[in-house]
Every structure is written in structure tokens, then in C-alpha cells.
Amino acid sequence: MPIPCPDCAAEMPDDAAFCPACGRAMHPPERARGTVGGLPETLAGALAYFLVVPAIVFLLAPPFSKDRFVRFHSFQCLGLCVVGVVIGAALRIVGVLLAFIPVVGHLLVALFTMLMSLAFFVVWVVLVVKALQGEMFQLPLVGDFAEKQAAAV
């Protein structure tokens, strides 16, 4: 049975995530509210992305390890680090292979390395900002893993 959108009154199915006419989200994302261990949840979630140590500490320390929001961001940080190590190893292998091409090989390796570094930096900034906004923003593969681990408290 179609339901009307609260903003534009367009008819839409019950299971619609967004209004087809105005784009309003029908099921708002889960947001962090409150504090955990003396820190606001949003700040603890953002701190999980600063290196690997805070993420591990948040997963082991009792007040933080019970909070779903902080656990999600900690697991997503660890997953992102694993992806970074795998991509870094792949770039090393490709770099060794491209080193046999005179001049151009070294330039391609430098270009790929800079592009991947910039991409990881942009993703990291987006994740920190989303955590500070209280959102559980999921990366494509890593986010699903983090969501499952965070739910298994």
C-alpha cells in the first residue's frame, strides 16, 4: 500500500528508502547520542580512526567495548588498515615489475602511490567527519564486516 511522503506528499511504496520525488530519506540513519567513558560517543568514534592503537584500546576497554557506535568505528578502522596494507603490498609488487621499464616505470609507481595515498586520506577524512556527525557511515566491504562485529556485543 503506497504511503505519502511527509515533505512532498508523493505516493511511494512502504519499503522505499528515499522519496522518488524529493529524495527525502524515509528511514533516518542511526545516530550517536550520549557519552561513553566520559567522552561523547561522536568523539570516541572519531578518535578510533587516529592510528590503530585507539581502535584496539576502544575494543578492549570495558566502557567503550560495550558501545555499538564506538565498536563499529573501531572495527571499520581496523578493516581500513588491513585494506591499506594489502593495497600497499600490491603497489610494491607492481612497483618491482614496473621498475624494469626505464624512467616511465618509476614515474608510474610514484603516480600510483600518490593517487592511492590521496584516496586513503580522503576516505579517512570522510570517516572522521561522519563519526563526528554521529553517523555510522559504512564503507562498501569493510563496513559490512564492522556492522556485524559491532552488533555482536
# chains A, B, ... in the order shown; residues from 1 in each chain; ligands from 1
$ select_by_dssp --residues "segment 21-133 of chain A" --states "alpha helix (DSSP H)" --output "JSON, numbers by chain"
{"A": [41, 42, 43, 44, 45, 46, 47, 53, 54, 55, 56, 57, 58, 59, 60, 62, 63, 64, 65, 68, 69, 70, 71, 72, 73, 74, 75, 76, 77, 78, 79, 80, 81, 82, 83, 84, 85, 86, 87, 88, 89, 90, 91, 92, 93, 94, 95, 96, 97, 98, 104, 105, 106, 107, 108, 109, 110, 111, 112, 113, 114, 115, 116, 117, 118, 119, 120, 121, 122, 123, 124, 125, 126, 127, 128, 129, 130, 131, 132]}
$ residues_around --residues "Val83 of chain A" --least-positions-apart "5" --cutoff "12 Å" --atoms "only C-alpha atoms" --output "ChimeraX atom specification"
/A:76-78,88-90,116,120,139-143
$ residues_around --residues "Arg71 of chain A" --least-positions-apart "2" --cutoff "9 Å" --atoms "only C-alpha atoms" --output "PyMOL selection string"
chain A and resi 45+48+55+58-59+64-69+73-76+146-147+149-151+153
$ atom_distance --atom1 "atom CA of Val70 of chain A" --atom2 "atom CA of Leu132 of chain A"
11.3 Å
$ atom_distance --atom1 "atom CA of Arg33 of chain A" --atom2 "atom CA of Val123 of chain A"
23.7 Å
$ closest_residue --among "A:Val103, A:Leu127, A:Ala61, A:Leu118" --to "Leu80 of chain A" --atoms "only C-alpha atoms"
A:Leu127
$ residues_around --residues "Val129 of chain A" --least-positions-apart "4" --cutoff "8 Å" --atoms "only C-alpha atoms" --output "PyMOL selection string"
chain A and resi 46+125+133
